[in-house]
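Shown next: protein07.csv, containing CSV, C-alpha atoms.
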```csv
chain,number,residue,atom,x,y,z
N,119,MET,CA,4.6,-30.4,-6.5
N,120,ASN,CA,4.5,-29.0,-3.0
N,121,ALA,CA,2.8,-25.8,-1.9
N,122,THR,CA,6.1,-23.8,-1.8
N,123,THR,CA,6.9,-24.7,-5.4
N,124,MET,CA,3.4,-24.0,-6.6
N,125,THR,CA,3.4,-20.6,-4.9
N,126,LEU,CA,6.8,-19.6,-6.5
N,127,ASN,CA,5.5,-20.7,-9.9
N,128,GLN,CA,2.4,-18.7,-9.4
N,129,VAL,CA,4.4,-15.6,-8.3
N,130,ARG,CA,6.4,-15.9,-11.5
N,131,TYR,CA,3.2,-16.0,-13.6
N,132,VAL,CA,1.7,-13.1,-11.8
N,133,ASN,CA,4.9,-11.1,-12.3
N,134,LYS,CA,4.9,-11.8,-16.0
N,135,ALA,CA,1.3,-10.7,-16.3
N,136,PHE,CA,2.1,-7.5,-14.4
N,137,TRP,CA,5.0,-6.5,-16.7
N,138,ARG,CA,3.1,-7.5,-19.8
N,139,ASN,CA,0.7,-4.6,-19.1
N,140,PRO,CA,3.3,-1.8,-19.5
N,141,ALA,CA,0.8,1.0,-19.0
N,142,SER,CA,-0.3,-0.2,-15.6
N,143,ALA,CA,3.2,-1.0,-14.5
N,144,PHE,CA,4.5,2.4,-15.6
N,145,PHE,CA,1.9,4.4,-13.7
N,146,THR,CA,2.3,2.1,-10.6
N,147,PHE,CA,5.9,3.3,-10.4
N,148,ALA,CA,5.4,6.8,-11.8
N,149,PHE,CA,2.6,8.0,-9.5
N,150,PRO,CA,4.7,8.2,-6.2
N,151,LEU,CA,7.6,9.9,-8.0
N,152,MET,CA,5.3,12.3,-9.7
N,153,PHE,CA,3.5,13.2,-6.5
N,154,LEU,CA,6.8,13.5,-4.7
N,155,ALA,CA,8.1,16.0,-7.3
N,156,ILE,CA,4.8,18.0,-7.2
N,157,PHE,CA,4.4,18.3,-3.5
N,158,THR,CA,8.1,19.0,-2.8
N,159,ALA,CA,8.0,21.7,-5.5
N,160,LEU,CA,4.8,23.3,-4.0
N,161,LEU,CA,5.2,22.7,-0.2
N,162,GLY,CA,8.7,21.2,0.2
N,163,ASN,CA,10.5,24.4,1.3
N,164,GLY,CA,11.1,24.8,5.1
N,165,ASP,CA,11.1,22.4,8.1
N,166,ILE,CA,8.6,20.5,10.2
N,167,VAL,CA,8.8,19.0,13.7
N,168,ILE,CA,8.3,15.3,13.8
N,169,GLY,CA,8.7,13.4,17.1
N,170,GLY,CA,10.6,16.2,18.6
N,171,ARG,CA,13.0,16.4,15.7
N,172,THR,CA,13.1,19.2,13.1
N,173,ILE,CA,13.4,17.8,9.6
N,174,SER,CA,13.0,19.2,6.1
N,175,LEU,CA,9.7,19.0,4.4
N,176,SER,CA,11.3,17.2,1.5
N,177,THR,CA,12.3,14.4,3.8
N,178,TYR,CA,8.7,14.4,5.2
N,179,TYR,CA,7.4,14.0,1.6
N,180,VAL,CA,9.8,11.2,0.8
N,181,ALA,CA,8.5,9.2,3.7
N,182,GLY,CA,4.9,10.1,2.8
N,183,MET,CA,5.3,9.0,-0.8
N,184,THR,CA,6.9,5.8,0.3
N,185,THR,CA,3.8,5.1,2.4
N,186,PHE,CA,1.6,6.0,-0.6
N,187,ALA,CA,3.6,3.8,-2.9
N,188,VAL,CA,3.1,0.7,-0.7
N,189,ILE,CA,-0.6,1.3,-0.3
N,190,THR,CA,-1.0,1.8,-4.0
N,191,ALA,CA,0.8,-1.4,-4.8
N,192,CYS,CA,-0.9,-3.5,-2.2
N,193,TYR,CA,-4.4,-2.1,-1.6
N,194,ASN,CA,-5.4,-0.3,-4.8
N,195,ASN,CA,-3.8,-2.6,-7.4
N,196,ILE,CA,-4.9,-5.8,-5.7
N,197,ALA,CA,-8.5,-4.7,-5.2
N,198,ILE,CA,-8.9,-3.3,-8.8
N,199,SER,CA,-7.1,-6.1,-10.6
N,200,LEU,CA,-9.0,-8.9,-8.7
N,201,THR,CA,-12.3,-7.2,-9.5
N,202,PHE,CA,-11.5,-7.1,-13.2
N,203,GLN,CA,-10.4,-10.7,-13.1
N,204,ARG,CA,-13.5,-11.7,-11.2
N,205,ASP,CA,-15.8,-10.1,-13.8
N,206,LEU,CA,-13.9,-11.6,-16.7
N,207,GLY,CA,-14.3,-15.1,-15.2
N,208,VAL,CA,-10.6,-15.5,-14.6
N,209,LEU,CA,-11.0,-16.1,-10.9
N,210,LYS,CA,-13.8,-18.6,-11.4
N,211,ARG,CA,-11.7,-20.6,-13.9
N,212,THR,CA,-8.6,-20.4,-11.6
N,213,ASN,CA,-10.7,-21.7,-8.7
N,214,GLY,CA,-11.8,-24.6,-10.8
N,215,THR,CA,-8.2,-25.8,-11.4
N,216,PRO,CA,-6.2,-28.1,-9.1
N,217,LEU,CA,-4.3,-24.9,-7.9
N,218,PRO,CA,-5.2,-24.4,-4.2
N,219,ALA,CA,-6.9,-21.1,-3.5
N,220,ALA,CA,-4.5,-20.3,-0.7
N,221,VAL,CA,-1.6,-20.7,-3.2
N,222,TYR,CA,-3.1,-18.3,-5.7
N,223,LEU,CA,-3.9,-15.6,-3.0
N,224,ALA,CA,-0.5,-16.0,-1.4
N,225,ALA,CA,1.2,-15.5,-4.8
N,226,ARG,CA,-0.7,-12.3,-5.2
N,227,VAL,CA,0.4,-11.1,-1.8
N,228,LEU,CA,4.1,-12.0,-2.4
N,229,HIS,CA,4.1,-10.3,-5.8
N,230,ALA,CA,2.6,-7.2,-4.2
N,231,LEU,CA,5.3,-7.3,-1.5
N,232,PHE,CA,7.9,-7.5,-4.3
N,233,VAL,CA,6.5,-4.5,-6.2
N,234,SER,CA,6.2,-2.6,-2.9
N,235,LEU,CA,9.9,-3.2,-2.2
N,236,LEU,CA,10.9,-2.0,-5.7
N,237,LEU,CA,8.8,1.1,-5.2
N,238,VAL,CA,10.3,1.9,-1.8
N,239,VAL,CA,13.8,1.5,-3.2
N,240,ILE,CA,13.1,3.7,-6.2
N,241,THR,CA,11.3,6.4,-4.1
N,242,VAL,CA,14.0,6.5,-1.4
N,243,THR,CA,16.8,6.6,-4.0
N,244,PHE,CA,15.0,9.4,-5.9
N,245,GLY,CA,14.4,11.4,-2.7
N,246,SER,CA,18.0,10.9,-1.5
N,247,LEU,CA,19.5,12.0,-4.8
N,248,LEU,CA,17.3,14.9,-5.6
N,249,TYR,CA,16.2,16.2,-2.1
N,250,ASP,CA,19.0,14.9,0.2
N,251,ALA,CA,16.4,13.0,2.2
N,252,GLU,CA,17.7,10.9,5.1
N,253,ILE,CA,17.8,7.1,4.5
N,254,PRO,CA,16.9,4.6,7.3
N,255,ALA,CA,20.0,2.8,8.7
N,256,GLY,CA,21.0,0.6,11.5
N,257,ALA,CA,18.2,-0.1,14.0
N,258,ASP,CA,15.9,2.3,12.2
N,259,LEU,CA,16.3,0.2,9.0
N,260,ALA,CA,15.3,-3.0,10.9
N,261,ARG,CA,12.2,-1.3,12.3
N,262,PHE,CA,11.5,0.3,8.9
N,263,LEU,CA,11.6,-3.1,7.1
N,264,THR,CA,9.4,-4.6,9.8
N,265,ILE,CA,6.6,-2.1,9.4
N,266,LEU,CA,7.0,-2.3,5.7
N,267,ALA,CA,6.4,-6.0,5.6
N,268,VAL,CA,3.5,-5.8,8.1
N,269,GLY,CA,1.9,-2.9,6.4
N,270,ALA,CA,2.2,-4.4,2.9
N,271,ALA,CA,0.6,-7.7,4.0
N,272,SER,CA,-2.1,-5.9,5.9
N,273,PHE,CA,-3.1,-3.6,3.0
N,274,CYS,CA,-3.1,-6.7,0.7
N,275,ALA,CA,-5.6,-8.3,3.0
N,276,LEU,CA,-7.7,-5.2,3.0
N,277,GLY,CA,-7.6,-5.2,-0.8
N,278,PHE,CA,-9.0,-8.7,-0.9
N,279,ALA,CA,-11.7,-7.7,1.6
N,280,VAL,CA,-12.9,-4.5,-0.2
N,281,THR,CA,-13.6,-6.5,-3.4
N,282,ALA,CA,-16.7,-7.8,-1.5
N,283,ILE,CA,-18.4,-4.3,-1.8
N,284,ILE,CA,-17.4,-3.7,-5.4
N,285,PRO,CA,-20.3,-4.7,-7.6
N,286,ASN,CA,-18.5,-4.7,-11.0
N,287,ALA,CA,-15.2,-3.7,-12.7
N,288,ASP,CA,-16.5,-0.3,-13.7
N,289,ALA,CA,-17.0,0.6,-10.1
N,290,ALA,CA,-13.7,-0.7,-8.9
N,291,ALA,CA,-11.5,2.4,-9.3
N,292,PRO,CA,-14.1,4.8,-7.9
N,293,ILE,CA,-14.9,2.7,-4.8
N,294,VAL,CA,-11.2,1.9,-4.1
N,295,ASN,CA,-10.2,5.6,-4.4
N,296,ALA,CA,-13.2,6.7,-2.3
N,297,THR,CA,-12.2,4.3,0.5
N,298,ILE,CA,-8.5,5.3,0.6
N,299,LEU,CA,-8.1,8.9,-0.6
N,300,PRO,CA,-9.9,10.7,2.3
N,301,VAL,CA,-7.9,8.6,4.8
N,302,LEU,CA,-4.6,9.5,3.0
N,303,PHE,CA,-5.4,13.2,3.4
N,304,LEU,CA,-6.6,12.7,7.1
N,305,SER,CA,-3.3,10.9,7.8
N,306,GLY,CA,-1.1,13.7,6.5
N,307,ILE,CA,0.3,11.9,3.5
N,308,PHE,CA,-0.1,14.8,1.1
N,309,ILE,CA,-0.4,17.8,3.4
N,310,PRO,CA,1.4,17.8,6.9
N,311,ILE,CA,-1.0,18.0,9.8
N,312,GLY,CA,0.4,20.0,12.6
N,313,ASP,CA,-0.3,20.1,16.3
N,314,ASN,CA,-2.8,22.8,15.8
N,315,ALA,CA,-5.1,20.6,13.8
N,316,PRO,CA,-8.6,20.0,15.2
N,317,ALA,CA,-8.7,17.1,17.7
N,318,TRP,CA,-11.5,15.3,15.9
N,319,LEU,CA,-9.4,15.2,12.7
N,320,THR,CA,-6.4,13.6,14.6
N,321,TRP,CA,-8.6,11.1,16.4
N,322,THR,CA,-10.4,10.1,13.2
N,323,ALA,CA,-7.1,9.5,11.4
N,324,ARG,CA,-5.9,7.3,14.2
N,325,ILE,CA,-8.8,5.0,13.8
N,326,PHE,CA,-7.5,3.8,10.5
N,327,PRO,CA,-4.3,2.0,9.7
N,328,VAL,CA,-2.9,4.6,7.2
N,329,LYS,CA,-1.9,7.0,10.0
N,330,HIS,CA,-0.2,4.4,12.1
N,331,PHE,CA,1.6,3.0,9.0
N,332,ALA,CA,2.7,6.5,8.0
N,333,ASP,CA,4.0,7.4,11.5
N,334,ALA,CA,6.1,4.2,11.7
N,335,ILE,CA,7.5,4.7,8.2
N,336,GLN,CA,8.4,8.3,9.1
N,337,ALA,CA,10.1,7.2,12.3
N,338,GLY,CA,12.5,5.1,10.2
N,339,PHE,CA,13.4,8.1,8.1
N,340,VAL,CA,13.8,10.7,10.7
N,341,GLY,CA,15.0,8.7,13.7
N,342,ALA,CA,12.0,9.7,15.8
N,343,ALA,CA,10.4,7.5,18.4
N,344,PHE,CA,9.2,4.2,17.0
N,345,HIS,CA,6.0,2.9,18.6
N,346,TRP,CA,5.3,-0.8,18.3
N,347,TYR,CA,1.7,0.1,19.0
N,348,ASP,CA,1.5,1.4,15.4
N,349,VAL,CA,2.6,-1.9,14.1
N,350,LEU,CA,0.0,-3.7,16.2
N,351,VAL,CA,-2.8,-1.5,14.9
N,352,VAL,CA,-1.8,-2.0,11.3
N,353,ALA,CA,-1.5,-5.8,11.9
N,354,GLY,CA,-4.9,-5.7,13.6
N,355,TRP,CA,-6.5,-4.1,10.5
N,356,GLY,CA,-4.7,-6.7,8.4
N,357,LEU,CA,-6.2,-9.6,10.5
N,358,ALA,CA,-9.7,-8.0,10.1
N,359,GLY,CA,-9.1,-7.9,6.4
N,360,VAL,CA,-8.2,-11.6,6.3
N,361,LEU,CA,-11.3,-12.5,8.3
N,362,LEU,CA,-13.6,-10.4,6.0
N,363,ALA,CA,-12.0,-11.9,2.9
N,364,ILE,CA,-12.4,-15.4,4.1
N,365,ARG,CA,-16.1,-14.7,4.7
N,366,PHE,CA,-17.0,-12.5,1.8
N,367,PHE,CA,-14.4,-12.9,-1.0
N,368,SER,CA,-16.1,-14.2,-4.2
N,369,TRP,CA,-14.5,-16.1,-7.0
N,370,GLU,CA,-17.5,-15.7,-9.4
N,371,PRO,CA,-18.7,-12.7,-11.3
N,372,ARG,CA,-21.5,-10.7,-9.8
N,373,THR,CA,-24.9,-11.0,-11.6
```
Is it possible to express this structure as structure tokens?
Amino acid sequence: MNATTMTLNQVRYVNKAFWRNPASAFFTFAFPLMFLAIFTALLGNGDIVIGGRTISLSTYYVAGMTTFAVITACYNNIAISLTFQRDLGVLKRTNGTPLPAAVYLAARVLHALFVSLLLVVITVTFGSLLYDAEIPAGADLARFLTILAVGAASFCALGFAVTAIIPNADAAAPIVNATILPVLFLSGIFIPIGDNAPAWLTWTARIFPVKHFADAIQAGFVGAAFHWYDVLVVAGWGLAGVLLAIRFFSWEPRT
């Protein structure tokens, strides 16, 4: 059996395991829609200027929750689920089988990409039907899909890397949320950050990949200027995640 066939078989297995945990699957898909409904109800009235274009806040939040959905599926879910499997000894047993480690990890990434795509389609459809949000099309759609693929892969790599600092399964959710939630707020995912924001806040947000990922996603929605620099920054963080995962990722439970 070649590597491609093994990877596809492993993706099928990971997908079955994902859907056989209905509570986890439900909230993975429900959280972005729930936050979209809450934030548009509270803050979605009015307009905001993005890239020189005036758009409705509801469209802004559809783009923001699309970003949040991808990060949740790729970063949060991978980091937490791998930590639990590591502590249960699943990763150790898997690593002891003839299945190559690269195939197992690639299957996890591909499944996360699949879930991310489903989340994006559901979120965009929900926003379009309920809030008349604009949908990426034409050249915007091509750039949107590019940053979506790069961002999803990069946050998967960062999810692998962050497991190195998680000591056990009980600490997984708190550590993962502590590393991502402040950056989400700094990047304007939940609350728009205007031009009058303090300079230190803007510069701090631009250090991390979430801001660049969110800006590129928003450009696809509103037709604003798309900067390939944002894609390169997100890809750079993904490469750093790969290198850290290669060095520090552990298959065995912590003692």
Would you mind listing, for every residue of segment 234-312 of chain N within 7 Å of segment 347-352 of chain N, the two atoms forming the shortest contact and the distance between them in Å to one decimal, using only C-alpha atoms, sorted by chain and ascending residue number, as CSV?
```
residue,atom,partner,partner_atom,distance
N:Ile265,CA,N:Val349,CA,6.2
N:Gly269,CA,N:Val352,CA,6.2
N:Ser272,CA,N:Val352,CA,6.7
```
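The interatomic distance for the pair atom CA of Gly182 of chain N and atom CA of Ile307 of chain N works out to 5.0 Å.
Minimum distance to Phe136 of chain N across N:Ser176, N:Thr190, N:Asn163, N:Asn195 (counting all atoms listed in the file) occurs at N:Asn195.
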Within 8 Å of Leu237 of chain N, counting only C-alpha atoms, which residues show up once you throw out same-chain ones fewer than 2 positions away? Write them as a ChimeraX atom specification, please. /N:147,184,187-188,233-235,239-241
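In this model, the gap between atom CA of Asn127 of chain N and atom CA of Ile364 of chain N comes to 23.3 Å.
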For Asn295 of chain N, work out the shell of residues within 12 Å, counting all atoms listed in the file and skipping chain neighbours fewer than 3 positions away, then give it as a ChimeraX atom specification. /N:189-190,193-195,197-198,277,280,284,289-292,298-303
What is the atom CA of Arg138 of chain N-atom CA of Cys274 of chain N distance in Å, reported with one decimal? 21.4 Å
Counting all atoms listed in the file, the option among N:Leu206, N:Ala121, N:Val180, N:Leu161 closest to Phe244 of chain N: N:Val180
